[in-house]
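Novice: Here you go, model.cif (mmCIF, C-alpha atoms and all ligand atoms):
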data_work
#
loop_
_atom_site.label_atom_id
_atom_site.label_comp_id
_atom_site.auth_asym_id
_atom_site.auth_seq_id
_atom_site.Cartn_x
_atom_site.Cartn_y
_atom_site.Cartn_z
CA MET V 1298 13.95 129.17 -175.37
CA LEU V 1299 17.46 130.68 -175.19
CA SER V 1300 16.60 133.90 -177.01
CA SER V 1301 15.99 135.75 -173.71
CA ASP V 1302 15.66 135.19 -169.97
CA GLU V 1303 11.90 135.56 -170.31
CA ALA V 1304 11.75 132.88 -173.04
CA PHE V 1305 13.70 130.47 -170.80
CA GLU V 1306 11.53 131.22 -167.77
CA GLN V 1307 8.38 130.39 -169.76
CA GLN V 1308 9.62 126.79 -169.92
CA LEU V 1309 9.69 126.51 -166.11
CA PRO V 1310 6.94 125.53 -163.69
CA GLN V 1311 5.36 128.57 -162.01
CA ASP V 1312 7.11 128.17 -158.63
CA LEU V 1313 10.46 128.36 -160.44
CA GLN V 1314 9.44 131.22 -162.73
CA ILE V 1315 9.10 133.56 -159.74
CA ARG V 1316 12.49 132.49 -158.33
CA ALA V 1317 14.44 132.19 -161.59
CA SER V 1318 16.00 135.65 -161.62
CA VAL V 1319 17.46 135.04 -158.14
CA HIS V 1320 18.79 131.54 -158.74
CA PHE V 1321 19.57 131.12 -162.45
CA THR V 1322 22.30 132.80 -164.53
CA PRO V 1323 21.12 135.46 -167.03
CA ILE V 1324 21.54 134.18 -170.62
CA ASP V 1325 24.04 136.93 -171.54
CA VAL V 1326 26.18 136.14 -168.50
CA ALA V 1327 26.08 132.40 -169.30
CA ARG V 1328 27.24 133.02 -172.88
CA ARG V 1329 30.09 135.26 -171.77
CA ALA V 1330 31.22 132.88 -169.01
CA ALA V 1331 31.10 129.98 -171.50
CA SER V 1332 33.41 131.83 -173.89
CA LEU V 1333 35.84 132.67 -171.08
CA LEU V 1334 35.92 129.06 -169.85
CA ALA V 1335 35.85 126.99 -173.05
CA THR V 1336 38.89 128.32 -174.86
CA ASP V 1337 39.88 125.05 -176.59
CA ALA V 1338 37.89 122.43 -178.49
CA GLY V 1339 37.15 119.31 -176.47
CA MET V 1340 37.13 120.97 -173.05
CA SER V 1341 34.78 119.69 -170.31
CA ILE V 1342 33.24 122.25 -168.00
CA LEU V 1343 31.41 121.40 -164.76
CA ASP V 1344 28.65 123.65 -163.42
CA ILE V 1345 28.60 123.17 -159.63
CA GLY V 1346 24.89 123.23 -158.76
CA ALA V 1347 23.24 123.36 -162.18
CA GLY V 1348 19.69 124.22 -161.12
CA ALA V 1349 17.30 123.93 -164.09
CA GLY V 1350 20.31 123.81 -166.42
CA LYS V 1351 20.20 127.40 -167.62
CA PHE V 1352 23.96 128.05 -167.59
CA CYS V 1353 24.81 124.69 -169.20
CA LEU V 1354 22.14 124.97 -171.89
CA ALA V 1355 23.05 128.52 -172.92
CA ALA V 1356 26.76 127.67 -172.73
CA ALA V 1357 26.41 124.49 -174.81
CA ALA V 1358 24.55 126.39 -177.50
CA GLN V 1359 27.21 129.13 -177.41
CA VAL V 1360 30.27 126.82 -177.60
CA PRO V 1361 29.38 123.61 -179.50
CA THR V 1362 33.00 122.36 -179.39
CA ALA V 1363 32.99 122.00 -175.59
CA THR V 1364 30.97 119.75 -173.27
CA PHE V 1365 29.07 121.27 -170.37
CA VAL V 1366 28.11 119.05 -167.44
CA GLY V 1367 25.80 120.19 -164.67
CA VAL V 1368 25.70 118.49 -161.29
CA GLU V 1369 22.60 119.19 -159.21
CA TRP V 1370 21.27 117.59 -156.04
CA ARG V 1371 17.55 118.34 -156.60
CA GLY V 1372 16.18 115.50 -158.73
CA ARG V 1373 13.28 117.47 -160.16
CA LEU V 1374 15.65 120.16 -161.47
CA VAL V 1375 17.86 117.53 -163.09
CA ARG V 1376 14.85 115.96 -164.84
CA LEU V 1377 13.72 119.40 -166.01
CA ALA V 1378 17.20 120.31 -167.30
CA LYS V 1379 17.40 117.03 -169.25
CA ARG V 1380 13.98 117.65 -170.83
CA LEU V 1381 15.06 121.15 -171.89
CA ALA V 1382 18.33 119.80 -173.37
CA ASP V 1383 16.31 117.26 -175.40
CA ARG V 1384 13.97 119.99 -176.63
CA LEU V 1385 16.96 122.08 -177.73
CA GLU V 1386 18.57 119.00 -179.36
CA LEU V 1387 21.89 119.79 -177.69
CA SER V 1388 24.33 116.87 -177.72
CA ASN V 1389 27.17 118.58 -175.81
CA VAL V 1390 25.40 118.90 -172.46
CA GLU V 1391 24.82 116.42 -169.66
CA PHE V 1392 23.20 116.57 -166.22
CA ILE V 1393 24.12 114.46 -163.20
CA HIS V 1394 21.91 114.01 -160.14
CA ALA V 1395 24.35 114.10 -157.21
CA ASP V 1396 25.83 116.12 -154.40
CA ALA V 1397 28.55 118.09 -156.20
CA LEU V 1398 30.96 117.32 -153.39
CA GLU V 1399 30.58 113.58 -153.94
CA LEU V 1400 31.55 113.76 -157.61
CA ASP V 1401 35.03 113.19 -159.06
CA TRP V 1402 36.13 116.60 -160.37
CA SER V 1403 39.47 115.44 -161.77
CA LYS V 1404 38.26 114.96 -165.36
CA TYR V 1405 37.06 118.55 -165.79
CA ASP V 1406 39.12 121.35 -167.34
CA ALA V 1407 37.04 124.20 -166.00
CA PHE V 1408 34.34 125.01 -163.46
CA TYR V 1409 31.44 127.44 -163.23
CA LEU V 1410 29.94 128.57 -159.93
CA PHE V 1411 26.98 130.86 -159.38
CA ASN V 1412 27.09 131.05 -155.60
CA PRO V 1413 25.79 127.48 -155.30
CA PHE V 1414 25.78 127.31 -151.51
CA GLY V 1415 24.22 130.73 -150.88
CA GLU V 1416 20.86 129.02 -150.42
CA GLN V 1417 22.14 127.61 -147.11
CA LEU V 1418 22.03 131.18 -145.77
CA MET V 1419 18.56 131.99 -147.16
CA ASP V 1420 15.52 131.92 -144.98
CA ASN V 1421 12.70 133.45 -146.98
CA GLU V 1422 10.14 132.59 -149.63
CA LEU V 1423 12.78 132.87 -152.38
CA VAL V 1424 14.40 129.58 -151.37
CA LEU V 1425 14.12 127.20 -154.37
CA ASP V 1426 12.18 124.66 -152.30
CA ARG V 1427 12.38 122.99 -148.90
CA THR V 1428 13.46 119.55 -150.11
CA ILE V 1429 17.01 120.20 -148.87
CA ALA V 1430 17.71 120.92 -145.20
CA LEU V 1431 19.27 124.39 -145.13
CA GLU V 1432 21.92 125.06 -142.49
CA PRO V 1433 24.35 128.01 -142.35
CA GLU V 1434 27.09 125.65 -141.09
CA LYS V 1435 26.82 123.70 -144.36
CA PHE V 1436 27.64 126.89 -146.28
CA VAL V 1437 31.00 127.16 -144.51
CA VAL V 1438 31.82 123.48 -144.91
CA HIS V 1439 30.89 123.34 -148.61
CA VAL V 1440 32.72 126.53 -149.50
CA ALA V 1441 35.86 125.27 -147.79
CA ALA V 1442 35.54 121.92 -149.59
CA VAL V 1443 35.24 123.65 -152.99
CA ARG V 1444 38.18 125.89 -152.27
CA HIS V 1445 40.31 122.89 -151.34
CA ARG V 1446 39.29 120.90 -154.43
CA LEU V 1447 40.01 123.77 -156.77
CA SER V 1448 43.34 124.47 -155.11
CA ILE V 1449 44.55 120.92 -155.85
CA ALA V 1450 43.24 120.88 -159.46
CA ARG V 1451 45.78 120.81 -162.27
CA VAL V 1452 47.63 123.91 -163.46
CA GLY V 1453 45.64 125.54 -166.28
CA THR V 1454 42.24 124.87 -164.66
CA ARG V 1455 39.83 127.71 -165.37
CA VAL V 1456 37.12 128.85 -162.95
CA ALA V 1457 34.41 131.41 -163.63
CA THR V 1458 32.13 132.72 -160.92
CA TYR V 1459 29.04 134.91 -161.00
CA HIS V 1460 28.22 136.29 -157.53
CA GLY V 1461 31.28 134.35 -156.31
CA TYR V 1462 31.17 131.12 -154.31
CA GLY V 1463 31.61 132.43 -150.76
CA ALA V 1464 35.39 132.78 -150.53
CA PRO V 1465 38.31 134.43 -152.32
CA ALA V 1466 39.98 132.85 -155.36
CA PRO V 1467 41.41 129.44 -154.42
CA LEU V 1468 45.12 129.10 -153.71
CA GLY V 1469 47.28 128.84 -156.82
CA TYR V 1470 44.88 130.89 -159.00
CA ASP V 1471 45.29 134.32 -160.59
CA LEU V 1472 42.35 136.64 -161.18
CA VAL V 1473 42.65 137.02 -164.96
CA ARG V 1474 39.51 139.02 -165.64
CA ARG V 1475 36.70 140.77 -163.85
CA GLU V 1476 33.80 142.07 -165.94
CA ARG V 1477 30.59 143.74 -164.86
CA ALA V 1478 27.77 141.41 -165.89
CA GLY V 1479 24.09 141.09 -165.01
CA SER V 1480 23.55 142.34 -161.45
CA ASP V 1481 27.16 141.62 -160.40
CA ALA V 1482 30.36 140.52 -162.16
CA ILE V 1483 31.96 137.51 -163.80
CA GLU V 1484 35.39 136.68 -162.42
CA LEU V 1485 37.74 134.38 -164.31
CA TRP V 1486 40.48 132.68 -162.32
CA VAL V 1487 43.18 130.49 -163.87
CA LYS V 1488 45.36 128.11 -161.93
CA THR V 1489 48.94 129.17 -162.59
CA ARG V 1490 50.98 127.43 -159.93
CA LEU V 1491 51.11 124.26 -157.87
CA ILE V 1492 50.49 124.94 -154.22
CA GLN V 1493 53.00 123.98 -151.55
CA ALA V 1494 52.34 121.18 -149.04
CA GLY V 1495 50.18 122.54 -146.20
CA GLU V 1496 48.90 125.52 -148.19
CA ALA V 1497 45.76 123.65 -149.33
CA THR V 1498 44.46 123.40 -145.79
CA GLU V 1499 44.69 127.18 -145.22
CA SER V 1500 41.35 128.51 -144.00
CA PHE V 1501 39.48 131.04 -146.18
CA ALA V 1502 38.37 133.23 -143.29
C1 LIG X 1601 22.27 129.71 -157.60
S1 LIG X 1601 21.69 128.20 -158.33
C2 LIG X 1601 22.62 128.21 -159.87
C3 LIG X 1601 22.00 127.34 -160.94
C4 LIG X 1601 22.81 127.28 -162.25
N1 LIG X 1601 24.21 127.04 -162.02
C5 LIG X 1601 22.65 128.57 -163.04
O1 LIG X 1601 23.58 129.36 -162.98
O2 LIG X 1601 21.63 128.76 -163.71
C6 LIG X 1601 22.54 127.00 -157.32
C7 LIG X 1601 22.08 125.57 -157.49
O3 LIG X 1601 23.03 124.73 -156.79
C8 LIG X 1601 22.35 123.61 -156.26
N2 LIG X 1601 23.20 123.05 -155.20
C9 LIG X 1601 23.55 123.65 -154.03
N3 LIG X 1601 24.38 122.87 -153.33
C10 LIG X 1601 24.58 121.74 -154.08
C11 LIG X 1601 25.35 120.57 -153.89
N4 LIG X 1601 26.10 120.37 -152.78
N5 LIG X 1601 25.35 119.63 -154.86
C12 LIG X 1601 24.61 119.81 -155.99
N6 LIG X 1601 23.85 120.90 -156.21
C13 LIG X 1601 23.84 121.87 -155.28
C14 LIG X 1601 21.03 124.17 -155.81
O4 LIG X 1601 20.06 123.15 -155.70
C15 LIG X 1601 20.73 125.19 -156.91
O5 LIG X 1601 19.95 124.60 -157.91
#
What is this file in structure tokens?
Specialist:
Amino acid sequence: MLSSDEAFEQQLPQDLQIRASVHFTPIDVARRAASLLATDAGMSILDIGAGAGKFCLAAAAQVPTATFVGVEWRGRLVRLAKRLADRLELSNVEFIHADALELDWSKYDAFYLFNPFGEQLMDNELVLDRTIALEPEKFVVHVAAVRHRLSIARVGTRVATYHGYGAPAPLGYDLVRRERAGSDAIELWVKTRLIQAGEATESFA
């Protein structure tokens, strides 16, 4: 199932197969991002908006010493991701059904984002499904909330993005690496300094 993107897509229902290349991380990108994020044994990495679990599953297989947790607000995708994890017999992966912005992020060492809120700006047949109300204003609010949360995370926090998350690197982070990958690039940001009072509320515009 993780030998290629095509092999993974064959495990998906048909409506997801035709959208997978738009919404789900290519296997090679997932493996590379996993290696950049999980540098030490015992690390916990949160995938913000895990979809059908493709990043977490490929990452967990790539780095067995780390735990990958995916939070996803579409229940059917969470159930699918859990079934795939069982089939792969992976014990270092977990999926949570929730709004990512209602979860406590403080226990995670690193974060992965594949443009999770971009769907709020989509208005065509490639939208994953219509079970979530899509509003461009939500994109702005969610991106700002993520940027704030990451900016107050502890020093050493690692963040990898593929197709970004809608804003520049959060305050306090250095861009440590940028690699061409898939149809875009992986960026790795590492938090290197505490931000000053008031800085965290800076707008990203
Ligand atoms: C571009 S897909 C990435 C999927 C997965 N991370 C991957 O790389 O294969 C973004 C996913 O984020 C989910 N999502 C968007 N906003 C969310 C939120 N506020 N809370 C939880 N999941 C969210 C969407 O339902 C979608 O499945």
Novice: Of the residues V:Ile1324, V:Val1473, V:Ala1494, V:Leu1387, which is the one nearest to ligand LIG 1601 (chain X), using all atoms listed in the file?
Specialist: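 Result for the nearest residue to ligand LIG 1601 (chain X): V:Ile1324.
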Novice: Per residue of chain V within 6 Å of ligand LIG 1601 (chain X), which atom pair is closest and at what distance in Å (one decimal), using only C-alpha atoms and all ligand atoms, listed by chain and increasing number, as a tab-separated table?
Specialist:
residue	atom	partner	partner_atom	distance
V:His1320	CA	X:LIG1601	C1	4.1
V:Phe1321	CA	X:LIG1601	O2	3.4
V:Thr1322	CA	X:LIG1601	O1	4.0
V:Asp1344	CA	X:LIG1601	N1	5.8
V:Gly1346	CA	X:LIG1601	O3	3.1
V:Ala1347	CA	X:LIG1601	N1	3.8
V:Gly1348	CA	X:LIG1601	O5	3.2
V:Gly1350	CA	X:LIG1601	O2	5.8
V:Lys1351	CA	X:LIG1601	O2	4.4
V:Phe1352	CA	X:LIG1601	O2	4.6
V:Val1368	CA	X:LIG1601	C12	5.6
V:Glu1369	CA	X:LIG1601	N6	3.7
V:Trp1370	CA	X:LIG1601	C12	4.0
V:Arg1371	CA	X:LIG1601	O4	5.5
V:Ala1395	CA	X:LIG1601	C12	5.8
V:Asp1396	CA	X:LIG1601	N5	3.6
V:Ala1397	CA	X:LIG1601	N5	3.8
V:Leu1398	CA	X:LIG1601	N4	5.8
V:Phe1411	CA	X:LIG1601	C2	5.1
V:Asn1412	CA	X:LIG1601	C1	5.4
V:Pro1413	CA	X:LIG1601	C6	3.9
V:Phe1414	CA	X:LIG1601	C9	5.0
Novice: My list of candidates is V:Arg1444, V:Lys1488, V:Lys1404, V:Arg1427. Which is closest to V:Tyr1462 when distances are computed with all atoms listed in the file?
Specialist: V:Arg1444
Novice: Within 12 Å of (28.9, 123.6, -169.4), all atoms listed in the file: residues as an MDAnalysis selection string?
Specialist: chainID V and resid 1327:1335 1339:1347 1350:1368 1382 1387:1392 1405:1410 1456:1457
Novice: If I wrap all listed atoms of stretch 1419-1431 of chain V in a box with edges along x, y and z and add 3 Å on each side, what are its centre and edge lengths in Å to one decimal, as lines of an AutoDock Vina configuration file?
Specialist:
center_x = 14.7
center_y = 126.5
center_z = -149.7
size_x = 15.1
size_y = 19.9
size_z = 15.4
Novice: Given the choices V:Asp1401, V:Glu1432, V:Glu1422, V:Asp1325, which gets closest to V:Tyr1459 if the distance is worked out from all atoms listed in the file?
Specialist: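 Result for the nearest residue to V:Tyr1459: V:Asp1325.
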Novice: I'd like to know which of V:Asp1337, V:Asp1302, V:Glu1484, V:Glu1496 is closest to V:Leu1472, using only C-alpha atoms.
Specialist: V:Glu1484
Novice: When you draw a straight line from atom CA of V:Leu1468 to atom CA of V:Ile1483, how long is it in Å?
Specialist: 18.6 Å
Novice: I'd like the interatomic distance between atom CA of V:Asp1481 and atom CA of V:Ala1430, to a tenth of an Å.
Specialist: 27.4 Å
Novice: For V:Gly1463, which of V:Thr1336, V:Gln1417, V:Ser1301, V:Gln1311 is the closest residue, counting all atoms listed in the file?
Specialist: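 For V:Gly1463, the nearest of the given residues is V:Gln1417.
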Novice: For a test of reading the model, state the distance in Å between atom CA of V:Leu1431 and atom CA of V:Ala1450, rounded to one decimal.
Specialist: 28.1 Å
